[in-house]
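Colleague: What follows is my_file.txt; its format and atoms are compact mmCIF, C-alpha atoms.
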# COMPACT_ATOMS: atom_id res chain seq x y z
CA MET M 1 -64.60 -15.99 34.63
CA THR M 2 -66.68 -12.83 34.48
CA SER M 3 -67.51 -10.86 31.36
CA PRO M 4 -66.73 -7.15 30.86
CA GLU M 5 -70.47 -6.45 31.13
CA GLN M 6 -70.51 -7.95 34.62
CA HIS M 7 -67.61 -5.75 35.73
CA ARG M 8 -69.45 -2.67 34.57
CA GLY M 9 -72.41 -3.44 36.76
CA PRO M 10 -76.08 -2.98 35.94
CA ARG M 11 -77.07 -0.31 33.47
CA PRO M 12 -78.55 2.70 35.29
CA ALA M 13 -82.24 3.42 34.93
CA ARG M 14 -82.74 6.14 32.36
CA VAL M 15 -85.30 8.20 30.54
CA GLU M 16 -84.76 9.22 26.94
CA VAL M 17 -86.82 11.89 25.18
CA THR M 18 -86.77 14.11 22.12
CA GLY M 19 -87.23 17.85 22.42
CA SER M 20 -87.95 20.39 19.72
CA GLY M 21 -87.79 24.15 19.63
CA SER M 22 -87.90 27.09 17.28
CA ALA M 23 -87.10 30.78 17.19
CA SER M 24 -88.23 33.50 14.81
CA ALA M 25 -87.16 36.95 13.73
CA THR M 26 -88.00 39.57 11.12
CA PRO M 27 -85.71 39.36 8.07
CA ASP M 28 -83.22 42.20 7.85
CA VAL M 29 -81.70 41.69 4.39
CA VAL M 30 -82.98 40.91 0.90
CA ARG M 31 -81.20 38.77 -1.69
CA VAL M 32 -82.14 39.73 -5.25
CA ALA M 33 -81.28 37.38 -8.13
CA LEU M 34 -81.18 39.35 -11.36
CA GLY M 35 -80.71 37.99 -14.85
CA ILE M 36 -79.39 39.92 -17.85
CA ARG M 37 -80.50 38.39 -21.16
CA CYS M 38 -79.15 39.78 -24.43
CA ASP M 39 -79.84 38.47 -27.95
CA SER M 40 -77.64 38.98 -31.00
CA GLU M 41 -76.75 37.33 -34.28
CA GLY M 42 -73.25 36.38 -33.09
CA VAL M 43 -71.73 34.99 -29.89
CA ALA M 44 -69.30 37.86 -29.41
CA ALA M 45 -71.97 40.51 -29.89
CA ALA M 46 -74.34 38.79 -27.43
CA LEU M 47 -71.59 38.51 -24.81
CA SER M 48 -70.53 42.11 -25.33
CA ALA M 49 -74.07 43.39 -24.94
CA ALA M 50 -74.57 41.36 -21.76
CA ALA M 51 -71.27 42.56 -20.30
CA ALA M 52 -72.13 46.21 -21.01
CA THR M 53 -75.55 45.81 -19.37
CA VAL M 54 -74.05 44.09 -16.32
CA ARG M 55 -71.67 47.02 -15.88
CA LYS M 56 -74.61 49.45 -15.99
CA VAL M 57 -76.59 47.41 -13.48
CA SER M 58 -73.60 47.14 -11.13
CA ALA M 59 -73.02 50.88 -11.33
CA ALA M 60 -76.69 51.56 -10.54
CA ALA M 61 -76.52 49.20 -7.55
CA ARG M 62 -73.40 50.90 -6.20
CA ALA M 63 -75.03 54.31 -6.67
CA HIS M 64 -77.82 53.12 -4.38
CA GLY M 65 -75.48 52.17 -1.56
CA LEU M 66 -74.48 48.56 -2.30
CA ALA M 67 -70.86 47.72 -1.52
CA ASP M 68 -68.67 45.62 -3.81
CA ARG M 69 -69.09 42.61 -1.49
CA ASP M 70 -72.87 42.84 -1.94
CA ILE M 71 -72.73 42.42 -5.74
CA ALA M 72 -71.77 39.00 -7.07
CA SER M 73 -71.93 37.17 -10.38
CA ALA M 74 -73.74 33.87 -9.91
CA SER M 75 -73.56 32.41 -13.44
CA ALA M 76 -73.00 33.26 -17.08
CA SER M 77 -73.81 31.41 -20.29
CA VAL M 78 -74.39 31.78 -24.01
CA GLN M 79 -76.71 29.54 -26.01
CA PRO M 80 -77.80 29.38 -29.66
CA ARG M 81 -81.39 30.15 -30.62
CA TRP M 82 -83.10 27.81 -33.06
CA THR M 83 -85.94 28.21 -35.50
CA ASN M 84 -88.69 25.61 -35.81
CA GLU M 85 -86.75 24.19 -38.75
CA GLY M 86 -83.70 23.58 -36.57
CA VAL M 87 -81.63 26.42 -38.02
CA ALA M 88 -79.55 28.65 -35.72
CA SER M 89 -81.06 32.14 -35.77
CA GLY M 90 -78.72 33.83 -33.28
CA TYR M 91 -77.38 33.62 -29.77
CA THR M 92 -78.55 34.56 -26.28
CA ALA M 93 -76.11 35.55 -23.56
CA TYR M 94 -77.32 35.29 -19.97
CA HIS M 95 -75.58 36.64 -16.88
CA GLN M 96 -77.00 36.28 -13.37
CA LEU M 97 -76.15 38.69 -10.58
CA THR M 98 -76.97 38.39 -6.89
CA LEU M 99 -77.48 41.63 -4.96
CA LEU M 100 -77.56 41.77 -1.16
CA VAL M 101 -79.72 44.65 0.06
CA ARG M 102 -79.03 45.39 3.71
CA LYS M 103 -81.84 47.93 4.18
CA LEU M 104 -85.26 46.58 3.30
CA THR M 105 -86.63 50.06 2.69
CA ASP M 106 -84.06 50.57 -0.10
CA LEU M 107 -85.27 47.58 -2.11
CA ASN M 108 -87.77 49.21 -4.42
CA ASP M 109 -85.65 52.23 -5.28
CA LEU M 110 -82.84 49.81 -6.11
CA VAL M 111 -85.04 47.63 -8.31
CA ASP M 112 -86.32 50.72 -10.14
CA ALA M 113 -82.76 51.89 -10.78
CA VAL M 114 -81.62 48.47 -11.96
CA ALA M 115 -84.63 48.16 -14.26
CA GLU M 116 -83.85 51.52 -15.79
CA ALA M 117 -80.21 50.56 -16.31
CA ALA M 118 -80.97 47.16 -17.86
CA GLY M 119 -84.11 47.99 -19.83
CA ASN M 120 -85.85 45.03 -21.42
CA SER M 121 -82.78 42.85 -20.84
CA LEU M 122 -83.65 42.53 -17.14
CA VAL M 123 -85.03 39.30 -15.69
CA ILE M 124 -85.84 39.11 -11.96
CA ASP M 125 -85.16 35.48 -11.07
CA GLY M 126 -86.12 35.82 -7.43
CA ILE M 127 -86.28 38.00 -4.33
CA THR M 128 -85.55 36.28 -1.02
CA LEU M 129 -85.87 37.81 2.43
CA ASP M 130 -83.24 36.55 4.83
CA LEU M 131 -81.28 37.23 8.00
CA ALA M 132 -77.77 38.59 7.79
CA ASP M 133 -76.75 36.39 10.74
CA ARG M 134 -78.76 33.25 11.49
CA ALA M 135 -76.48 32.00 14.29
CA PRO M 136 -78.28 33.73 17.20
CA LEU M 137 -81.61 32.35 15.98
CA ALA M 138 -80.17 28.83 15.77
CA THR M 139 -78.79 29.18 19.32
CA GLN M 140 -82.22 30.16 20.63
CA ALA M 141 -83.83 27.22 18.83
CA ARG M 142 -81.34 24.75 20.35
CA GLU M 143 -81.91 26.17 23.84
CA ALA M 144 -85.67 25.83 23.37
CA ALA M 145 -85.26 22.24 22.15
CA PHE M 146 -83.20 21.26 25.20
CA GLU M 147 -85.65 22.93 27.58
CA ASP M 148 -88.49 21.04 25.90
CA ALA M 149 -86.65 17.74 26.31
CA GLN M 150 -85.84 18.49 29.95
CA ALA M 151 -89.47 19.36 30.74
CA LYS M 152 -90.68 16.08 29.25
CA ALA M 153 -88.03 14.05 31.04
CA THR M 154 -88.78 15.72 34.36
CA GLN M 155 -92.44 14.83 34.02
CA TYR M 156 -91.69 11.21 33.17
CA ALA M 157 -89.26 10.95 36.07
CA ALA M 158 -91.86 12.26 38.51
CA LEU M 159 -94.43 9.79 37.16
CA ALA M 160 -91.92 7.03 37.80
CA GLY M 161 -91.27 8.21 41.37
CA ALA M 162 -87.76 9.41 40.58
CA ARG M 163 -85.84 12.52 39.62
CA LEU M 164 -83.37 13.37 36.90
CA GLY M 165 -79.70 12.69 37.44
CA ARG M 166 -76.81 13.33 35.11
CA VAL M 167 -77.11 13.48 31.33
CA LEU M 168 -76.05 10.14 29.83
CA ALA M 169 -76.32 10.96 26.14
CA LEU M 170 -77.20 13.89 23.94
CA VAL M 171 -77.66 13.77 20.17
CA GLU M 172 -78.70 16.73 18.07
CA GLY M 173 -81.36 15.94 15.51
CA GLY M 174 -81.73 17.50 12.12
CA GLY M 175 -82.67 21.14 12.23
CA GLU M 176 -86.10 21.98 10.90
CA GLY M 177 -84.62 24.37 8.41
CA PHE M 178 -84.94 28.08 7.86
CA GLY M 179 -87.90 29.64 6.17
CA PRO M 180 -90.88 31.94 6.34
CA MET M 181 -93.46 31.35 9.03
CA PRO M 182 -97.04 30.82 7.80
CA ALA M 183 -98.16 33.68 10.01
CA ALA M 184 -99.78 36.99 9.26
CA MET M 185 -97.39 39.51 7.76
CA ASP M 186 -96.75 42.83 9.43
CA SER M 187 -98.34 45.45 7.19
CA ARG M 188 -95.87 48.06 8.44
CA MET M 189 -93.09 46.12 6.73
CA MET M 190 -94.81 46.26 3.34
CA MET M 191 -92.72 48.12 0.81
CA LYS M 192 -94.10 49.36 -2.49
CA ALA M 193 -92.19 50.68 -5.45
CA SER M 194 -93.12 54.05 -6.88
CA GLY M 195 -96.19 53.64 -9.04
CA GLY M 196 -97.25 50.52 -7.10
CA GLY M 197 -94.69 48.27 -8.73
CA LEU M 198 -93.20 45.66 -6.39
CA PRO M 199 -94.85 44.89 -3.03
CA VAL M 200 -92.69 42.90 -0.59
CA GLU M 201 -93.79 41.83 2.88
CA ALA M 202 -91.12 40.99 5.44
CA GLY M 203 -93.16 38.85 7.84
CA GLU M 204 -91.10 36.51 10.04
CA HIS M 205 -88.62 33.72 9.37
CA SER M 206 -88.04 30.84 11.74
CA VAL M 207 -85.42 28.18 12.42
CA GLY M 208 -86.07 24.94 14.27
CA ALA M 209 -83.95 22.41 16.14
CA SER M 210 -84.43 19.04 17.78
CA VAL M 211 -82.37 17.09 20.30
CA ARG M 212 -82.56 13.62 21.85
CA VAL M 213 -81.35 13.48 25.45
CA ALA M 214 -81.03 10.61 27.93
CA TRP M 215 -80.94 11.29 31.68
CA GLU M 216 -80.15 8.94 34.49
CA LEU M 217 -83.14 8.27 36.73
CA VAL M 218 -82.36 8.65 40.43
CA SER M 219 -84.84 7.15 42.89
CA ASP M 220 -85.88 9.06 45.96
CA GLU M 221 -84.46 6.25 48.13
CA ALA M 222 -81.03 6.64 46.52
CA ALA M 223 -81.08 10.37 47.13
CA GLU M 224 -81.65 9.92 50.88
Give the structure from the file, written as structure tokens.

Modeller:
Amino acid sequence: MTSPEQHRGPRPARVEVTGSGSASATPDVVRVALGIRCDSEGVAAALSAAAATVRKVSAAARAHGLADRDIASASASVQPRWTNEGVASGYTAYHQLTLLVRKLTDLNDLVDAVAEAAGNSLVIDGITLDLADRAPLATQAREAAFEDAQAKATQYAALAGARLGRVLALVEGGGEGFGPMPAAMDSRMMMKASGGGLPVEAGEHSVGASVRVAWELVSDEAAE
């Protein structure tokens, strides 16, 4: 009696390699995380002051071209403040907004306007350069990863006196993430606020991909 493995026949000769690739592009949007921090003796007063400041900041952002969809509340909280003796001395309300700036050259004018609207209540939690649509970059990285794998496999096949046949297996590896490239920044993309306030360099961002592919090895004799 034969086993299922015997019915399937011998496993075809194969070559299995891992390919990697990346693609880069200049960021075209900026995500600004702003915090509004207001202190007061009571909870209600702290919340009211924070809400009023948020409305001013939102109005300033809209006046500088941001649409409603580009202004979002990220978090809000209120916490007591304590003296060294452990006595409550008041309350601090904190509200975080995220602004999506779709024109990099508008960033500094927007930050100036927001700072004027919020006054000393403003906290800039972070400014992140990004791409509005990362999908095309990811597609390019995957294509580059497959081409890298195919080039390696072709070389190994030739060294073994064979050529590549059909693809037997393909598994995508973990992407290498999305982030700034450690390359020189383009000075033309440097933006400075009036009075030399906030320099931001766009540089380039990259996304990576990896793939493991197995090809059948076809001998030259079999091809004849």

Colleague: Expressed in Å to a single decimal, how great is the separation between atom CA of Asp148 of chain M and atom CA of Ser20 of chain M?

Modeller: 6.2 Å

Colleague: Restricting the calculation to all atoms listed in the file, which member of M:Val213, M:Arg163, M:Val114, M:Ser40 is positioned closest to Ala60 of chain M?

Modeller: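 With all atoms listed in the file as the atom set, the closest residue is M:Val114.
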
Colleague: Env of Ser121 of chain M: 9 Å cut, atoms = only C-alpha atoms, seq-sep filter 6 positions within chain, self excluded. Answer as a list in words.

Modeller: Gly35, Ile36, Arg37, Cys38, Asp39, Ala50, Thr53 and Ala115 of chain M

Colleague: Residues within 9 Å of Pro80 of chain M, please, as a JSON list (two decimals) with C-alpha atoms, in the frame of the given file. Count all atoms listed in the file; anything in the same chain fewer than 6 positions from it doesn't count.

Modeller:
[["chain", "number", "residue", "atom", "x", "y", "z"],
["M", 43, "VAL", "CA", -71.73, 34.99, -29.89],
["M", 88, "ALA", "CA", -79.55, 28.65, -35.72],
["M", 89, "SER", "CA", -81.06, 32.14, -35.77],
["M", 90, "GLY", "CA", -78.72, 33.83, -33.28],
["M", 91, "TYR", "CA", -77.38, 33.62, -29.77],
["M", 92, "THR", "CA", -78.55, 34.56, -26.28],
["M", 93, "ALA", "CA", -76.11, 35.55, -23.56]]

Colleague: Any idea what the distance is between atom CA of Glu41 of chain M and atom CA of Leu97 of chain M?

Modeller: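 So the two atoms, atom CA of Glu41 of chain M and atom CA of Leu97 of chain M, lie 23.7 Å apart.
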
Colleague: With only C-alpha atoms as the basis for distance, which of M:Val30, M:Ala149, M:Val101, M:Ala52 is at the shortest distance from Gly65 of chain M?

Modeller: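 Checking each of M:Val30, M:Ala149, M:Val101, M:Ala52 against Gly65 of chain M, counting only C-alpha atoms, the winner is M:Val101.
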
Colleague: With all atoms listed in the file as the counted atoms, please give the residues lying no more than 8 Å from segment 13-19 of chain M, apart from itself and same-chain residues fewer than 5 positions off, as a list in words.

Modeller: Ala145, Phe146, Glu147, Asp148, Ala149, Gln150, Lys152, Ala153, Tyr156, Ala157, Ser210, Val211, Arg212, Val213, Ala214, Trp215, Glu216, Leu217 and Val218 of chain M

Colleague: Measuring between all atoms listed in the file, which one of M:Ala141, M:Val54, M:Ser219, M:Glu116 shows the shortest distance to Ala162 of chain M?

Modeller: M:Ser219

Colleague: Restricting the calculation to all atoms listed in the file, which member of M:Leu122, M:Ala202, M:Ala117, M:Ala138 is positioned closest to Gly21 of chain M?

Modeller: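 Once distances to Gly21 of chain M are computed over all atoms listed in the file, the minimum belongs to M:Ala138.
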
Colleague: Out of M:Leu34, M:Ala158, M:Ser77, M:Leu47, which residue has the shortest atom-to-atom distance to Ile124 of chain M when counting all atoms listed in the file?

Modeller: M:Leu34

Colleague: Report, in Å to a single decimal, how far apart atom CA of Leu99 of chain M and atom CA of Ile71 of chain M are.

Modeller: 4.9 Å

Colleague: For Val29 of chain M, which of M:Asn84, M:Thr154, M:Asn120, M:Thr128 is the closest residue, counting all atoms listed in the file?

Modeller: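 Comparing M:Asn84, M:Thr154, M:Asn120, M:Thr128 against Val29 of chain M, the winner is M:Thr128.
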